[in-house]
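Text of structure-v5.cif, listed as mmCIF, C-alpha atoms and all ligand atoms:
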data_my_file
loop_
_atom_site.label_atom_id
_atom_site.label_comp_id
_atom_site.auth_asym_id
_atom_site.auth_seq_id
_atom_site.Cartn_x
_atom_site.Cartn_y
_atom_site.Cartn_z
CA MET A 22 6.46 6.92 17.89
CA LYS A 23 4.04 7.05 14.99
CA VAL A 24 3.97 6.56 11.21
CA ILE A 25 1.24 7.85 8.89
CA ALA A 26 1.17 6.80 5.26
CA SER A 27 -1.04 6.67 2.21
CA HIS A 28 -3.52 3.81 1.70
CA ASN A 29 -1.12 2.00 -0.66
CA ALA A 30 1.71 2.02 1.89
CA LEU A 31 0.66 -0.37 4.64
CA ASN A 32 3.85 -2.36 4.12
CA ALA A 33 5.84 0.88 4.02
CA ALA A 34 4.32 1.95 7.33
CA ALA A 35 5.22 -1.43 8.82
CA LYS A 36 8.79 -1.12 7.58
CA ALA A 37 9.16 2.42 8.91
CA ARG A 38 7.72 1.31 12.26
CA GLU A 39 10.18 -1.60 12.47
CA LEU A 40 13.10 0.73 11.76
CA LEU A 41 11.93 3.39 14.23
CA LEU A 42 11.59 0.73 16.94
CA ALA A 43 15.19 -0.26 16.14
CA GLY A 44 16.33 3.37 16.60
CA ALA A 45 16.54 4.55 12.97
CA ARG A 46 16.19 8.24 12.14
CA PRO A 47 12.66 9.13 10.95
CA LEU A 48 13.81 10.20 7.47
CA ASP A 49 15.66 6.92 6.91
CA ALA A 50 12.61 5.01 8.11
CA CYS A 51 10.34 6.91 5.71
CA VAL A 52 12.64 6.38 2.71
CA ALA A 53 13.03 2.67 3.51
CA GLY A 54 9.23 2.35 3.58
CA VAL A 55 8.75 4.28 0.33
CA THR A 56 11.47 2.14 -1.31
CA LEU A 57 9.24 -0.93 -0.89
CA VAL A 58 6.43 0.78 -2.79
CA GLU A 59 8.82 2.02 -5.50
CA ASP A 60 9.91 -1.62 -5.98
CA ASP A 61 6.35 -2.94 -6.38
CA PRO A 62 5.55 -3.51 -10.09
CA LEU A 63 1.84 -3.70 -9.27
CA GLU A 64 1.77 -0.16 -7.84
CA HIS A 65 1.35 1.72 -11.08
CA SER A 66 1.68 5.20 -9.60
CA VAL A 67 5.17 4.92 -8.13
CA GLY A 68 8.65 3.76 -9.15
CA TYR A 69 9.16 0.55 -11.14
CA GLY A 70 5.91 -0.26 -12.95
CA GLY A 71 4.72 3.36 -12.86
CA ILE A 72 2.52 4.51 -15.72
CA PRO A 73 4.65 6.36 -18.30
CA ASN A 74 4.36 9.80 -19.79
CA GLU A 75 2.62 10.35 -23.12
CA ASP A 76 5.76 9.16 -24.95
CA GLY A 77 5.81 5.84 -23.08
CA ILE A 78 8.71 6.79 -20.77
CA VAL A 79 8.46 6.52 -17.00
CA GLU A 80 9.49 9.77 -15.28
CA LEU A 81 9.60 9.85 -11.48
CA ASP A 82 9.40 12.61 -8.86
CA ALA A 83 10.22 12.31 -5.16
CA GLY A 84 10.90 14.55 -2.19
CA VAL A 85 12.18 14.14 1.35
CA MET A 86 12.13 16.53 4.30
CA ASP A 87 13.68 16.34 7.76
CA GLY A 88 11.69 18.20 10.41
CA LYS A 89 14.61 18.53 12.81
CA THR A 90 16.90 20.42 10.43
CA ARG A 91 14.03 21.70 8.24
CA ARG A 92 16.13 20.63 5.28
CA GLY A 93 14.64 18.89 2.31
CA ALA A 94 15.40 17.84 -1.25
CA GLY A 95 13.66 16.58 -4.35
CA VAL A 96 14.32 15.04 -7.72
CA ALA A 97 11.98 15.57 -10.64
CA ALA A 98 11.35 13.94 -14.00
CA LEU A 99 14.00 11.33 -13.22
CA ARG A 100 14.23 8.51 -15.76
CA ASN A 101 15.62 4.96 -15.46
CA VAL A 102 16.17 4.94 -11.69
CA ARG A 103 13.51 3.18 -9.65
CA HIS A 104 14.24 4.77 -6.26
CA PRO A 105 13.90 8.55 -6.64
CA SER A 106 13.29 8.80 -2.88
CA GLN A 107 16.80 7.48 -2.25
CA VAL A 108 18.25 9.87 -4.80
CA ALA A 109 16.48 12.78 -3.07
CA ARG A 110 17.75 11.51 0.29
CA LEU A 111 21.34 11.56 -1.03
CA LEU A 112 20.87 14.99 -2.57
CA LEU A 113 19.93 16.26 0.88
CA ALA A 114 22.85 14.46 2.54
CA GLN A 115 25.58 15.31 0.04
CA THR A 116 24.83 18.74 -1.38
CA HIS A 117 23.61 22.25 -0.64
CA ARG A 118 20.95 21.91 -3.35
CA VAL A 119 17.25 21.31 -2.93
CA LEU A 120 15.96 20.26 -6.36
CA LEU A 121 17.45 18.44 -9.34
CA ALA A 122 15.49 17.69 -12.50
CA GLY A 123 15.75 15.50 -15.58
CA GLU A 124 19.21 14.82 -16.95
CA GLY A 125 20.92 16.48 -13.99
CA ALA A 126 19.03 14.29 -11.54
CA LEU A 127 20.00 11.22 -13.57
CA GLN A 128 23.65 12.26 -13.65
CA PHE A 129 23.60 12.72 -9.89
CA ALA A 130 22.04 9.26 -9.43
CA ARG A 131 24.57 7.73 -11.83
CA ALA A 132 27.45 9.36 -9.96
CA ASN A 133 26.14 7.73 -6.79
CA GLY A 134 26.04 4.27 -8.34
CA PHE A 135 22.29 3.88 -8.85
CA VAL A 136 21.50 1.14 -11.35
CA GLU A 137 19.81 2.33 -14.56
CA GLU A 138 17.04 0.18 -15.96
CA ASN A 139 13.90 0.36 -18.07
CA LEU A 140 11.13 1.12 -15.57
CA LEU A 141 8.32 0.35 -18.03
CA THR A 142 6.82 -3.02 -17.13
CA ASP A 143 4.87 -5.06 -19.66
CA THR A 144 1.58 -4.20 -17.95
CA ALA A 145 2.34 -0.48 -17.82
CA ARG A 146 3.34 -0.59 -21.51
CA ARG A 147 0.04 -2.26 -22.47
CA ILE A 148 -1.91 0.29 -20.39
CA TRP A 149 -0.08 3.10 -22.21
CA LEU A 150 -0.76 1.53 -25.62
CA HIS A 151 -4.43 1.12 -24.75
CA TRP A 152 -4.56 4.80 -23.78
CA LYS A 153 -3.11 5.74 -27.17
CA ARG A 154 -5.87 3.72 -28.83
CA ILE A 155 -8.78 5.17 -26.86
CA ARG A 156 -7.78 8.75 -26.17
CA SER A 157 -9.06 10.33 -29.34
CA ASN A 158 -11.34 9.63 -32.25
CA ILE A 159 -9.39 11.93 -34.56
CA ASP A 160 -6.01 10.17 -34.70
CA ASP A 161 -4.57 7.08 -36.41
CA TRP A 162 -5.45 4.58 -33.70
CA ARG A 163 -8.42 2.22 -33.64
CA GLU A 164 -10.19 1.66 -30.34
CA PRO A 165 -10.04 -2.07 -29.49
CA PRO A 166 -13.26 -4.04 -29.10
CA ALA A 167 -14.09 -4.43 -25.41
CA GLU A 168 -13.53 -8.20 -25.56
CA ASP A 169 -9.93 -7.66 -26.71
CA VAL A 170 -8.95 -5.53 -23.71
CA GLU A 171 -6.86 -7.58 -21.29
CA ALA A 172 -8.19 -7.88 -17.75
CA ASP A 173 -5.28 -6.06 -16.08
CA VAL A 174 -5.56 -3.16 -18.52
CA ALA A 175 -9.33 -2.94 -18.09
CA ALA A 176 -8.97 -3.07 -14.30
CA TRP A 177 -6.50 -0.20 -14.30
CA PHE A 178 -8.70 1.98 -16.49
CA ALA A 179 -11.69 1.21 -14.28
CA SER A 180 -9.96 2.40 -11.14
CA TYR A 181 -8.20 5.59 -12.23
CA ARG A 182 -9.86 8.68 -13.59
CA SER A 183 -8.78 12.11 -14.63
CA PRO A 184 -9.28 15.48 -13.02
CA HIS A 185 -9.79 16.90 -16.48
CA ALA A 186 -13.02 17.12 -18.38
CA PRO A 187 -12.96 15.41 -21.78
CA ARG A 188 -12.18 17.78 -24.59
CA GLU A 189 -14.25 18.25 -27.70
CA GLY A 190 -13.45 15.51 -30.17
CA HIS A 191 -12.03 13.27 -27.44
CA ILE A 192 -13.71 10.28 -25.97
CA SER A 193 -15.57 10.71 -22.74
CA ARG A 194 -16.32 7.02 -22.15
CA SER A 195 -13.30 6.22 -20.07
CA GLU A 196 -11.95 9.67 -19.18
CA MET A 197 -8.21 10.11 -19.00
CA PRO A 198 -6.56 8.04 -16.28
CA THR A 199 -4.31 9.64 -13.79
CA ILE A 200 -2.30 9.12 -10.62
CA GLY A 201 -1.61 7.61 -7.23
CA THR A 202 1.66 8.43 -5.37
CA VAL A 203 3.00 7.27 -1.99
CA HIS A 204 3.60 9.34 1.14
CA VAL A 205 5.13 8.23 4.47
CA ALA A 206 5.71 10.46 7.53
CA ALA A 207 7.27 9.43 10.83
CA LEU A 208 7.66 10.71 14.38
CA ASP A 209 10.20 9.07 16.68
CA ASP A 210 10.43 8.96 20.47
CA ARG A 211 12.93 11.85 20.42
CA GLY A 212 10.22 14.05 18.90
CA ASP A 213 11.85 14.20 15.47
CA LEU A 214 9.65 14.30 12.39
CA ALA A 215 10.34 13.54 8.72
CA CYS A 216 8.48 12.61 5.57
CA CYS A 217 8.89 11.39 2.00
CA THR A 218 6.66 11.47 -1.09
CA SER A 219 7.30 9.56 -4.33
CA THR A 220 5.33 9.25 -7.57
CA SER A 221 5.33 8.54 -11.28
CA GLY A 222 2.93 11.48 -11.51
CA HIS A 223 -0.08 11.93 -13.72
CA ALA A 224 -0.46 9.04 -16.08
CA PHE A 225 0.45 9.97 -19.67
CA LYS A 226 1.67 13.40 -18.62
CA ILE A 227 3.57 15.67 -21.00
CA ALA A 228 7.27 14.72 -20.91
CA GLY A 229 9.00 16.83 -18.30
CA ARG A 230 5.85 17.57 -16.30
CA VAL A 231 6.73 17.89 -12.63
CA GLY A 232 4.06 17.45 -9.98
CA ASP A 233 3.86 18.42 -6.34
CA SER A 234 5.69 15.40 -4.87
CA PRO A 235 9.30 16.72 -5.08
CA ILE A 236 8.34 20.32 -4.23
CA LEU A 237 8.79 21.27 -0.58
CA GLY A 238 5.59 22.84 0.72
CA ALA A 239 3.44 21.34 -2.03
CA GLY A 240 3.65 17.52 -1.85
CA LEU A 241 5.36 17.41 1.55
CA PHE A 242 6.55 19.55 4.43
CA ALA A 243 8.06 18.81 7.84
CA ASP A 244 9.01 20.96 10.80
CA ASN A 245 9.63 19.49 14.27
CA GLU A 246 7.99 22.55 15.84
CA ALA A 247 4.74 22.33 13.87
CA GLY A 248 4.22 18.94 12.22
CA THR A 249 4.30 17.22 8.86
CA CYS A 250 1.95 17.10 5.92
CA GLY A 251 2.13 15.18 2.67
CA SER A 252 -0.26 14.59 -0.15
CA LEU A 253 -1.60 12.36 -2.89
CA GLY A 254 -3.86 13.44 -5.71
CA HIS A 255 -4.03 16.16 -8.30
CA GLY A 256 -0.60 17.73 -7.84
CA GLU A 257 -1.31 20.95 -9.70
CA ALA A 258 -3.85 21.86 -7.00
CA ASN A 259 -1.15 21.38 -4.36
CA LEU A 260 1.33 23.40 -6.38
CA GLU A 261 -1.13 26.27 -6.73
CA ASN A 262 -2.00 26.23 -3.03
CA LEU A 263 1.25 25.02 -1.40
CA SER A 264 -1.03 22.72 0.54
CA SER A 265 1.47 20.89 2.72
CA PHE A 266 3.17 24.07 3.89
CA ALA A 267 -0.17 25.78 4.47
CA ALA A 268 -1.48 22.86 6.54
CA VAL A 269 1.66 22.73 8.69
CA GLU A 270 1.40 26.47 9.29
CA LEU A 271 -2.15 26.01 10.59
CA MET A 272 -0.88 23.32 12.99
CA ARG A 273 1.81 25.77 14.10
CA GLU A 274 -0.98 28.18 15.04
CA GLY A 275 -2.48 25.49 17.28
CA ARG A 276 -5.11 23.89 15.09
CA SER A 277 -5.42 20.10 15.19
CA PRO A 278 -4.17 18.02 12.25
CA GLU A 279 -7.76 17.30 11.20
CA GLU A 280 -8.86 20.96 11.41
CA SER A 281 -5.75 22.04 9.51
CA GLY A 282 -6.15 19.49 6.74
CA LEU A 283 -9.84 20.18 6.26
CA ALA A 284 -9.27 23.95 6.22
CA ILE A 285 -6.77 23.54 3.39
CA LEU A 286 -9.07 21.20 1.47
CA ARG A 287 -11.91 23.73 1.83
CA ARG A 288 -9.63 26.43 0.46
CA ILE A 289 -8.58 24.23 -2.47
CA ALA A 290 -12.19 23.27 -3.21
CA ALA A 291 -13.24 26.93 -3.21
CA ARG A 292 -10.33 27.93 -5.45
CA ALA A 293 -10.71 25.11 -7.99
CA HIS A 294 -10.84 26.50 -11.48
CA PRO A 295 -14.28 26.64 -13.16
CA GLU A 296 -13.46 23.84 -15.60
CA GLN A 297 -12.49 21.61 -12.66
CA LYS A 298 -15.87 21.92 -10.91
CA ASP A 299 -19.01 19.84 -11.16
CA ALA A 300 -22.53 21.23 -11.44
CA GLN A 301 -22.63 21.81 -7.65
CA GLY A 302 -19.36 23.74 -7.71
CA ARG A 303 -17.32 20.91 -6.17
CA PRO A 304 -13.86 19.96 -7.52
CA ARG A 305 -13.91 17.00 -9.86
CA PHE A 306 -10.39 16.00 -8.77
CA ASN A 307 -9.36 14.40 -5.52
CA LEU A 308 -6.66 15.22 -2.98
CA TRP A 309 -5.57 13.47 0.20
CA LEU A 310 -3.57 15.10 2.98
CA TYR A 311 -1.77 13.14 5.74
CA LEU A 312 -0.90 15.15 8.83
CA LEU A 313 1.19 14.37 11.89
CA ALA A 314 1.65 16.74 14.83
CA PRO A 315 4.74 16.86 17.09
CA ASP A 316 2.62 15.50 19.96
CA GLY A 317 1.59 12.46 17.90
CA ARG A 318 -1.93 13.53 16.89
CA HIS A 319 -2.65 12.65 13.29
CA ALA A 320 -5.25 12.91 10.55
CA GLY A 321 -5.89 11.66 7.06
CA VAL A 322 -8.27 13.93 5.14
CA THR A 323 -9.61 13.75 1.61
CA LEU A 324 -11.71 15.90 -0.68
CA TRP A 325 -13.80 12.89 -1.68
CA GLY A 326 -14.46 9.90 0.49
CA PRO A 327 -14.51 7.16 1.38
CA LYS A 328 -10.73 6.71 1.53
CA GLN A 329 -8.27 5.14 3.93
CA PHE A 330 -4.74 5.74 5.15
CA ALA A 331 -2.13 3.59 6.91
CA LEU A 332 -1.10 4.15 10.50
CA ALA A 333 1.62 2.48 12.59
CA ASP A 334 2.45 2.98 16.23
CA LYS A 335 3.72 0.87 19.12
CA GLN A 336 0.47 -1.16 19.02
CA GLY A 337 0.92 -2.21 15.39
CA VAL A 338 -0.10 -1.31 11.83
CA ARG A 339 -3.61 -0.70 10.53
CA LEU A 340 -5.75 1.17 8.03
CA GLU A 341 -7.91 4.06 9.25
CA THR A 342 -10.58 6.06 7.45
CA CYS A 343 -9.90 9.55 6.11
CA VAL A 344 -12.20 12.39 7.10
CA ALA A 345 -13.82 13.50 3.84
CA LEU A 346 -14.85 17.02 2.92
CA PHE A 347 -17.41 15.54 0.54
CA PRO A 348 -18.39 12.17 2.00
CA GLY A 349 -18.76 9.52 -0.66
CA PRO A 350 -19.58 7.62 -2.50
CA PRO A 351 -18.72 10.24 -5.09
CA PRO A 352 -21.03 10.84 -8.02
CA THR A 353 -20.30 8.70 -11.02
CA GLN A 354 -17.76 10.06 -13.47
CA PRO A 355 -17.32 12.40 -15.18
CA GLU A 356 -19.00 14.35 -12.36
CA ASN A 357 -16.31 13.38 -9.86
CA PRO A 358 -13.28 11.75 -11.40
CA ASP A 359 -10.91 10.36 -8.85
CA CYS A 360 -7.14 10.67 -8.93
N1 LIG B 1 0.45 14.16 -6.63
C1 LIG B 1 1.28 13.57 -7.58
C2 LIG B 1 1.36 14.31 -8.84
O1 LIG B 1 0.49 15.11 -9.16
O2 LIG B 1 2.31 14.10 -9.57
#
Exercise: express the given structure as structure tokens:
Amino acid sequence: MKVIASHNALNAAAKARELLLAGARPLDACVAGVTLVEDDPLEHSVGYGGIPNEDGIVELDAGVMDGKTRRGAGVAALRNVRHPSQVARLLLAQTHRVLLAGEGALQFARANGFVEENLLTDTARRIWLHWKRIRSNIDDWREPPAEDVEADVAAWFASYRSPHAPREGHISRSEMPTIGTVHVAALDDRGDLACCTSTSGHAFKIAGRVGDSPILGAGLFADNEAGTCGSLGHGEANLENLSSFAAVELMREGRSPEESGLAILRRIAARAHPEQKDAQGRPRFNLWLYLLAPDGRHAGVTLWGPKQFALADKQGVRLETCVALFPGPPPTQPENPDC
């Protein structure tokens, strides 16, 4: 039995472990763990309290995949429902469909009795308003004096950076903030694998933008015969490279989780678009991959270190260090914005 999860999901890993020890199916254990993170208003990259899109509306993406049946499902750009992972789980259980988006996803959630609520917390609203004030020097908004910026807003802007270079006429001081996400994967003692990824996506994204998290093969993939992979970071890079599927296919060929993850990160780094690269040709965005093999071997890998991931097994729950393609500390922004 083993659980691997993103750095922000230590409690999720513990929950999944507890449920696996009690005999739960891996997919149910993963979703129960992710639910805790979706409920946390202080986790601004997932669920309730997530950073909104550019219009100030929180839109969530989530995906689930069961390695035993190789069936998965996702919901995308879902508004007003804080547990997109549970909605995706029900989509898999109740329908023949794999992906619902926007209004259709909300209707499906509504039909299943999910409570609708405003997901924009006061802190996330003030972060969004601050972004509107600092993002450009050619619009109607005045940038606030530094002493007027509240501590929680300043702390958020200090810790999240964009994979995009500042555009002409736009401020470069703070760069555009971006994303987190949560991923949990589990292996039970029957040898069954599953995983779940959930996110509010890129901060201040265009309304309707869908990232990698609900897309099978991009933000997650699971196959009992080969392993699981899930990801955090710049989702467009995963969408363009189908990273999770590609990594699982390398494990199927016999490569270790670490070799597989690093091979995919090398490919992504090499294929990064010119405007995404620093002066040394390295991607200015970050990506994490979490891999779990059917025999219980695991790896957390990252483009830029140092980073951690959560691990749970029969011994307990702990944080481990990701293997980094470019060991940190990363250059100061904007050379290597994090995401
Ligand atoms: N990886 C999460 C996203 O890009 O939305």
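The two atoms in question, atom CA of A:Gly77 and atom CA of A:Trp149, are spaced 6.6 Å apart.
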> When the cut-off is 8 Å and you count only C-alpha atoms and all ligand atoms, which residues lie near ligand LIG 1 (chain B), shown as a PyMOL selection string?
Replying inline: chain A and resi 82+200-202+219-223+231-234+240+252-257+259
>> Between atom CA of A:Ala314 and atom CA of A:Glu274, what distance in Å does the model show, to one decimal?
In response: 11.7 Å
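Closest approach to A:Ile285 among A:Asp213, A:Asp299, A:Glu270, A:Asp76 is made by A:Glu270 (distances from all atoms listed in the file).
When all atoms listed in the file are used to measure the gap to A:Gly71, the shortest distance among A:Ala179, A:Leu346, A:Ala145, A:Val322 belongs to A:Ala145.
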> So how many Å separate atom CA of A:Pro348 and atom CA of A:Val58, to one decimal?
Replying inline: 27.7 Å
> Near A:Arg287, within 9 Å and counting all atoms listed in the file, which residues show up once chain neighbours fewer than 5 positions away are dropped, as a list in words?
Replying inline: Gly282, Arg292, Leu324 and Leu346 of chain A
Each side padded by 4 Å, which centre and which edge lengths in Å (one decimal) define the axis-aligned box around the listed atoms of stretch 323-334 of chain A? Give them as lines of an AutoDock Vina configuration file.
center_x = -6.0
center_y = 9.2
center_z = 7.3
size_x = 25.0
size_y = 21.4
size_z = 25.9
Report as a Markdown table the residues of stretch 231-297 of chain A within 9 Å of stretch 110-124 of chain A, each with its shortest atom pair and distance in Å (one decimal), using only C-alpha atoms, ordered by chain and increasing residue number.
| residue | atom | partner | partner_atom | distance |
| --- | --- | --- | --- | --- |
| A:Val231 | CA | A:Ala122 | CA | 8.8 |
| A:Pro235 | CA | A:Leu120 | CA | 7.7 |
| A:Ile236 | CA | A:Leu120 | CA | 7.9 |
| A:Leu237 | CA | A:Val119 | CA | 8.8 |
> Taking all atoms listed in the file into account, which of A:Asp87, A:Glu80, A:Glu341, A:Asp161 comes nearest A:Ala50?
Replying inline: A:Asp87
